[in-house]
Amino acid sequence: MAIADVPEYAHLTDADVEALAAELDAIRTDIEADRGERDARYLRNTIRFQRGLELTGRVLTMGASRRSVWWAGAATLGVAKIVENMELGHNVMHGQWDWMNDPEVHSTSWEWDITGPSAHWKHTHNYIHHKYTNVLGMDDDVGYGVLRVTRDQRWRPFYLGNLAYNTVLALFFEYGVAAQHLELGKKRKTPEAKAEFKRDLNDVGRKIGRQVAKDYVLFPTISGLVNRSPRAARKTASANLLANIIRNVWTNAVIFCGHFPDGAEKFTKADMDNETQGQWYLRQMLGSANFRCGPVLGFMSGNLSYQIEHHIFPDLPSNRLAEISIRVQALCEKYDLPYTTGSFPVQYAKTWRTIAKLSLPNKYLRATSDDAPETASERRFRDDGQPRLTSAIDTRTGRRRGLKSAIADGRTRRRERASA
């Protein structure tokens, strides 16, 4: 099922893993030494752009009694919320800009424009998800406690609703973020645990109250007074609702493209035992996926189109991930590791295909549980009792042959069997 031995799955020796870690550490050192005014200018320009866009959207929604203005206001405000959520909130709270020592853009002080409290998200995302990326039973982002996204999750009739659950999750993703930290299905037996849950629940309730009051009471009321029309107030509220849905669906799509397409692997808890920094790097590289983009799509995704690089270096500035990706791809080529990427529509379609497939019991699925597109393990390449897998040098070409070559060879064999 899921990968239990990351170095073996990657066909790397312990020495290879440590050499890879040293080269990745060198990338971090280079970027940290080069951070400066151009990065700070990028952040300030992004903040100005986002605030200008939000102001424009808010003004347009004040005249939302006209259909064309309603659509323009909702779309503009939706894009502003995406930028605030993805390129600002997510990245600021990762500490990517803490080196500036500016309290306005420091990870400890930023509160973003969604219903989930930033303090909760920093625990579930920055700590839990990024430390235990795709580790079954440790990382709640593997299915968010609702979806079946790997065959390692035992099938239950509940999962027949996989597609419906993901549709609802996409539309109201900010509320899923708000609920994630609460761990609603967890039993709390001690008074301390119950008191903590009550505090967290109150924090979520207050944040939801502020967001609802802002988007569905304050601005609609202002619109109604300005236009002297209750209908204008209702139109402003509905435009704000659509803007939030636009942001939610886009955020959900970007995040899912980074974690659930083919090639984004899952891991067992056993893999965490005595994990070195190099093994952690390797797990991030194997457990994440990118999608190809230009500057606009990269910006609108918060540069999470470079999810692999973000997971390797979650606290380096997002505007540097494109240049980092060139060096990471070179390392993947050197160590014969897969670099999982594709077009945005294809990567997103693969996530929906996996969610649809895994709504069914395993007996209706093709491939084995160790060699399926959405789930793999070191057993896909060998039988028990064989020596540990490591890379070898091709005597004809002088190039390393490891995981990437083994995956390609496996695909070739499957195609040959299918055509025979």
# chains A, B, ... in the order shown; residues from 1 in each chain; ligands from 1
$ residues_around --residues "A:Glu333" --least-positions-apart "5" --cutoff "9 Å" --atoms "only C-alpha atoms" --output "PDB file with N, CA, C and O atoms, in the first residue's frame"
ATOM      1  N   VAL A 328      15.664  22.539  -8.701  1.00  0.00           N
ATOM      2  CA  VAL A 328      15.084  21.294  -8.193  1.00  0.00           C
ATOM      3  C   VAL A 328      14.903  20.292  -9.329  1.00  0.00           C
ATOM      4  O   VAL A 328      15.185  19.096  -9.174  1.00  0.00           O
ATOM      5  N   PRO A 338      11.301  11.341 -10.230  1.00  0.00           N
ATOM      6  CA  PRO A 338      10.217  11.966 -10.992  1.00  0.00           C
ATOM      7  C   PRO A 338       9.962  13.385 -10.497  1.00  0.00           C
ATOM      8  O   PRO A 338      10.095  13.671  -9.301  1.00  0.00           O
ATOM      9  N   TYR A 339       9.628  14.259 -11.416  1.00  0.00           N
ATOM     10  CA  TYR A 339       9.215  15.626 -11.082  1.00  0.00           C
ATOM     11  C   TYR A 339       7.780  15.741 -11.569  1.00  0.00           C
ATOM     12  O   TYR A 339       7.524  15.940 -12.747  1.00  0.00           O
ATOM     13  N   ARG A 400      22.503   7.712 -14.306  1.00  0.00           N
ATOM     14  CA  ARG A 400      21.879   6.994 -13.191  1.00  0.00           C
ATOM     15  C   ARG A 400      20.498   6.498 -13.610  1.00  0.00           C
ATOM     16  O   ARG A 400      19.731   7.224 -14.260  1.00  0.00           O
ATOM     17  N   LYS A 404      12.658   7.199 -11.467  1.00  0.00           N
ATOM     18  CA  LYS A 404      12.014   7.716 -12.675  1.00  0.00           C
ATOM     19  C   LYS A 404      12.088   6.696 -13.810  1.00  0.00           C
ATOM     20  O   LYS A 404      11.095   6.452 -14.507  1.00  0.00           O
TER      21      LYS A 404
END
$ residues_around --residues "A:Ala253" --least-positions-apart "2" --cutoff "12 Å" --atoms "only C-alpha atoms" --output "CSV table (one decimal) with C-alpha atoms, in the first residue's frame"
chain,number,residue,atom,x,y,z
A,82,ILE,CA,-8.0,34.9,-4.2
A,86,MET,CA,-3.3,32.6,-1.8
A,166,ASN,CA,-15.9,17.2,-2.8
A,167,THR,CA,-18.4,19.5,-4.6
A,169,LEU,CA,-16.2,21.1,0.0
A,170,ALA,CA,-15.1,23.1,-3.0
A,171,LEU,CA,-18.0,25.5,-2.8
A,173,PHE,CA,-13.9,25.5,1.3
A,246,ILE,CA,-15.1,32.0,-6.6
A,247,ARG,CA,-12.3,32.2,-4.0
A,248,ASN,CA,-13.3,28.9,-2.4
A,249,VAL,CA,-13.5,26.9,-5.6
A,250,TRP,CA,-10.2,28.3,-6.9
A,251,THR,CA,-8.4,27.6,-3.6
A,255,ILE,CA,-4.6,22.8,-3.3
A,256,PHE,CA,-5.9,19.6,-4.7
A,257,CYS,CA,-3.7,19.9,-7.8
A,258,GLY,CA,-0.7,20.0,-5.4
A,259,HIS,CA,-1.6,16.9,-3.4
A,260,PHE,CA,-3.9,14.4,-5.2
A,261,PRO,CA,-2.9,14.0,-8.9
A,291,PHE,CA,1.2,22.3,-12.5
A,300,MET,CA,-3.2,33.7,-9.0
A,301,SER,CA,-2.2,30.3,-7.4
A,304,LEU,CA,1.5,27.0,-5.3
A,305,SER,CA,1.8,25.9,-8.9
A,344,PHE,CA,-3.6,22.7,-14.7
A,345,PRO,CA,-6.7,21.2,-16.3
A,346,VAL,CA,-5.1,17.8,-16.6
A,347,GLN,CA,-3.8,17.8,-13.0
A,348,TYR,CA,-7.2,18.9,-11.7
A,349,ALA,CA,-9.0,16.3,-13.8
A,350,LYS,CA,-6.8,13.6,-12.3
A,351,THR,CA,-7.8,14.6,-8.8
A,352,TRP,CA,-11.5,14.3,-9.7
$ closest_residue --among "A:Asn319, A:Val69, A:Phe172, A:Pro117" --to "A:Ile245" --atoms "only C-alpha atoms"
A:Phe172
$ closest_residue --among "A:Pro295, A:Gly205, A:Gly143, A:Gly137" --to "A:Ala178" --atoms "only C-alpha atoms"
A:Gly205
$ closest_residue --among "A:Arg401, A:Arg366, A:Arg292, A:Lys187" --to "A:Cys332" --atoms "only C-alpha atoms"
A:Arg401
$ select_by_dssp --residues "stretch 282-412 of chain A" --states "helix (DSSP H, G or I)" --output "ChimeraX atom specification"
/A:282-287,295-300,304-312,318-334,344-357,362-364,378-380,403-412
$ residues_around --residues "stretch 10-27 of chain A" --least-positions-apart "4" --cutoff "9 Å" --atoms "only C-alpha atoms" --output "list in words"
Asp5, Val6, Ile31, Glu32, Thr276, Gln277, Gly278, Gln279, Tyr281, Leu282, Leu286, Ile312, Ile324, Arg327, Val328, Leu331, Tyr335, Asp336, Leu337, Glu378, Arg388, Leu389, Thr390, Ser391, Ala392, Arg401, Gly402, Leu403 and Lys404 of chain A
$ residues_around --residues "A:Lys122" --least-positions-apart "5" --cutoff "12 Å" --atoms "only C-alpha atoms" --output "CSV table (one decimal) with N, CA and C atoms, in the first residue's frame"
chain,number,residue,atom,x,y,z
A,89,GLY,N,-2.1,35.8,2.3
A,89,GLY,CA,-2.4,35.2,3.6
A,89,GLY,C,-1.6,33.9,3.7
A,90,HIS,N,-1.7,33.0,2.8
A,90,HIS,CA,-1.1,31.7,2.9
A,90,HIS,C,0.4,31.8,3.1
A,91,ASN,N,1.0,32.7,2.2
A,91,ASN,CA,2.5,32.8,2.2
A,91,ASN,C,3.0,33.7,3.4
A,92,VAL,N,2.3,34.7,3.7
A,92,VAL,CA,2.7,35.5,4.9
A,92,VAL,C,2.7,34.6,6.2
A,93,MET,N,1.6,33.8,6.3
A,93,MET,CA,1.5,33.1,7.6
A,93,MET,C,2.5,31.9,7.6
A,94,HIS,N,3.1,31.6,6.5
A,94,HIS,CA,4.2,30.6,6.4
A,94,HIS,C,5.5,31.2,6.9
A,95,GLY,N,5.5,32.5,7.2
A,95,GLY,CA,6.7,33.1,7.6
A,95,GLY,C,7.7,33.5,6.5
A,107,SER,N,4.2,36.7,10.2
A,107,SER,CA,3.4,35.5,10.3
A,107,SER,C,2.6,35.5,11.6
A,108,THR,N,3.1,36.2,12.6
A,108,THR,CA,2.4,36.2,13.9
A,108,THR,C,1.2,37.2,14.0
A,109,SER,N,1.1,38.1,13.0
A,109,SER,CA,0.1,39.2,13.1
A,109,SER,C,-0.9,39.2,12.0
A,110,TRP,N,-0.7,38.4,10.9
A,110,TRP,CA,-1.6,38.4,9.8
A,110,TRP,C,-2.9,37.7,10.1
A,111,GLU,N,-4.1,38.3,9.8
A,111,GLU,CA,-5.3,37.6,9.9
A,111,GLU,C,-6.0,37.7,8.6
A,112,TRP,N,-6.3,36.5,8.0
A,112,TRP,CA,-6.8,36.5,6.6
A,112,TRP,C,-8.3,36.6,6.5
A,116,GLY,N,-11.7,30.7,8.7
A,116,GLY,CA,-10.8,29.9,9.6
A,116,GLY,C,-9.9,30.9,10.3
A,117,PRO,N,-9.8,30.8,11.6
A,117,PRO,CA,-8.8,31.7,12.3
A,117,PRO,C,-7.4,31.3,11.9
A,127,TYR,N,2.3,23.3,10.8
A,127,TYR,CA,3.0,22.3,11.6
A,127,TYR,C,2.6,20.9,11.2
A,128,ILE,N,1.3,20.5,11.3
A,128,ILE,CA,0.8,19.2,11.0
A,128,ILE,C,1.0,18.8,9.6
A,129,HIS,N,0.5,19.5,8.7
A,129,HIS,CA,0.5,19.1,7.2
A,129,HIS,C,2.0,19.1,6.7
A,130,HIS,N,2.7,20.2,6.9
A,130,HIS,CA,4.0,20.3,6.4
A,130,HIS,C,5.0,19.4,7.0
A,131,LYS,N,4.8,19.1,8.3
A,131,LYS,CA,5.7,18.1,9.0
A,131,LYS,C,5.4,16.7,8.6
A,177,VAL,N,-11.9,24.7,6.1
A,177,VAL,CA,-10.6,25.1,6.8
A,177,VAL,C,-10.9,25.5,8.2
A,178,ALA,N,-12.1,26.2,8.4
A,178,ALA,CA,-12.4,26.6,9.8
A,178,ALA,C,-12.7,25.4,10.7
A,180,GLN,N,-11.5,22.2,10.2
A,180,GLN,CA,-10.4,21.2,10.3
A,180,GLN,C,-9.7,21.1,11.6
A,181,HIS,N,-9.4,22.3,12.2
A,181,HIS,CA,-8.6,22.3,13.4
A,181,HIS,C,-9.5,21.8,14.6
$ residues_around --residues "A:Leu316" --least-positions-apart "3" --cutoff "8 Å" --atoms "only C-alpha atoms" --output "list of chain:residue names"
A:Arg28, A:Ile31, A:Glu32, A:Gly95, A:Gln96, A:Trp97, A:His310, A:Phe313, A:Arg320, A:Leu321
$ closest_residue --among "A:Arg67, A:Arg41, A:Arg151, A:Arg353" --to "A:Lys266" --atoms "only C-alpha atoms"
A:Arg151
$ closest_residue --among "A:Thr61, A:Met1, A:Lys81, A:Ala408" --to "A:Ala233" --atoms "only C-alpha atoms"
A:Thr61
$ atom_distance --atom1 "atom CA of A:Asn362" --atom2 "atom CA of A:Ser377"
16.3 Å
$ closest_residue --among "A:Glu8, A:Asp215, A:Asp370, A:Asp141" --to "A:Asn252" --atoms "only C-alpha atoms"
A:Asp141
$ residues_around --residues "A:Arg58" --least-positions-apart "2" --cutoff "12 Å" --atoms "only C-alpha atoms" --output "PyMOL selection string"
chain A and resi 51-56+60-64+69-70+72-81+214-215+218-220+222-223+236-237+239-240+243
$ atom_distance --atom1 "atom CA of A:Ala406" --atom2 "atom CA of A:Pro387"
15.6 Å
$ decode --residues "stretch 233-303 of chain A" --atoms "C-alpha atoms" --output "short mmCIF file (atom, residue, chain, number, x, y, z; two decimals), in the first residue's frame"
data_model
loop_
_atom_site.label_atom_id
_atom_site.label_comp_id
_atom_site.auth_asym_id
_atom_site.auth_seq_id
_atom_site.Cartn_x
_atom_site.Cartn_y
_atom_site.Cartn_z
CA ALA A 233 -28.60 45.51 -0.41
CA ARG A 234 -29.70 42.01 -1.41
CA LYS A 235 -27.76 42.25 -4.69
CA THR A 236 -24.61 43.31 -2.86
CA ALA A 237 -24.97 40.40 -0.43
CA SER A 238 -25.40 37.92 -3.30
CA ALA A 239 -22.40 39.40 -5.14
CA ASN A 240 -20.31 38.95 -1.99
CA LEU A 241 -21.51 35.35 -1.72
CA LEU A 242 -20.45 34.66 -5.30
CA ALA A 243 -17.06 36.30 -4.67
CA ASN A 244 -16.49 33.99 -1.70
CA ILE A 245 -17.51 30.95 -3.76
CA ILE A 246 -15.14 31.97 -6.56
CA ARG A 247 -12.30 32.17 -4.03
CA ASN A 248 -13.30 28.88 -2.37
CA VAL A 249 -13.51 26.86 -5.60
CA TRP A 250 -10.22 28.25 -6.91
CA THR A 251 -8.38 27.63 -3.64
CA ASN A 252 -9.71 24.09 -3.47
CA ALA A 253 -8.61 23.41 -7.06
CA VAL A 254 -5.08 24.73 -6.54
CA ILE A 255 -4.56 22.81 -3.31
CA PHE A 256 -5.94 19.56 -4.72
CA CYS A 257 -3.70 19.87 -7.80
CA GLY A 258 -0.73 19.98 -5.44
CA HIS A 259 -1.62 16.87 -3.44
CA PHE A 260 -3.90 14.40 -5.24
CA PRO A 261 -2.88 13.97 -8.91
CA ASP A 262 -1.10 10.82 -10.05
CA GLY A 263 2.43 10.72 -8.66
CA ALA A 264 1.70 12.55 -5.40
CA GLU A 265 2.50 9.64 -3.12
CA LYS A 266 1.21 8.69 0.34
CA PHE A 267 3.31 7.33 3.23
CA THR A 268 2.92 5.17 6.32
CA LYS A 269 3.75 6.15 9.89
CA ALA A 270 6.65 3.68 9.79
CA ASP A 271 8.38 6.00 7.36
CA MET A 272 8.56 8.66 10.08
CA ASP A 273 10.78 6.58 12.35
CA ASN A 274 14.16 8.30 12.74
CA GLU A 275 13.52 10.42 9.63
CA THR A 276 16.53 12.54 8.66
CA GLN A 277 16.34 15.97 7.08
CA GLY A 278 17.25 14.39 3.74
CA GLN A 279 14.46 11.84 4.02
CA TRP A 280 12.03 14.63 4.90
CA TYR A 281 13.11 16.53 1.79
CA LEU A 282 12.63 13.40 -0.29
CA ARG A 283 9.16 12.77 1.12
CA GLN A 284 8.12 16.32 0.24
CA MET A 285 9.40 15.86 -3.32
CA LEU A 286 7.57 12.55 -3.79
CA GLY A 287 4.38 13.62 -2.00
CA SER A 288 3.72 16.86 -3.89
CA ALA A 289 2.79 17.80 -7.46
CA ASN A 290 3.10 20.93 -9.60
CA PHE A 291 1.20 22.30 -12.55
CA ARG A 292 2.72 24.25 -15.41
CA CYS A 293 2.01 27.96 -15.44
CA GLY A 294 2.96 31.36 -16.73
CA PRO A 295 3.38 34.41 -14.49
CA VAL A 296 -0.36 35.18 -14.25
CA LEU A 297 -1.46 31.65 -13.32
CA GLY A 298 1.50 31.38 -10.96
CA PHE A 299 0.52 34.61 -9.21
CA MET A 300 -3.16 33.65 -8.99
CA SER A 301 -2.22 30.31 -7.42
CA GLY A 302 -0.07 31.99 -4.78
CA ASN A 303 2.82 30.32 -6.62
#
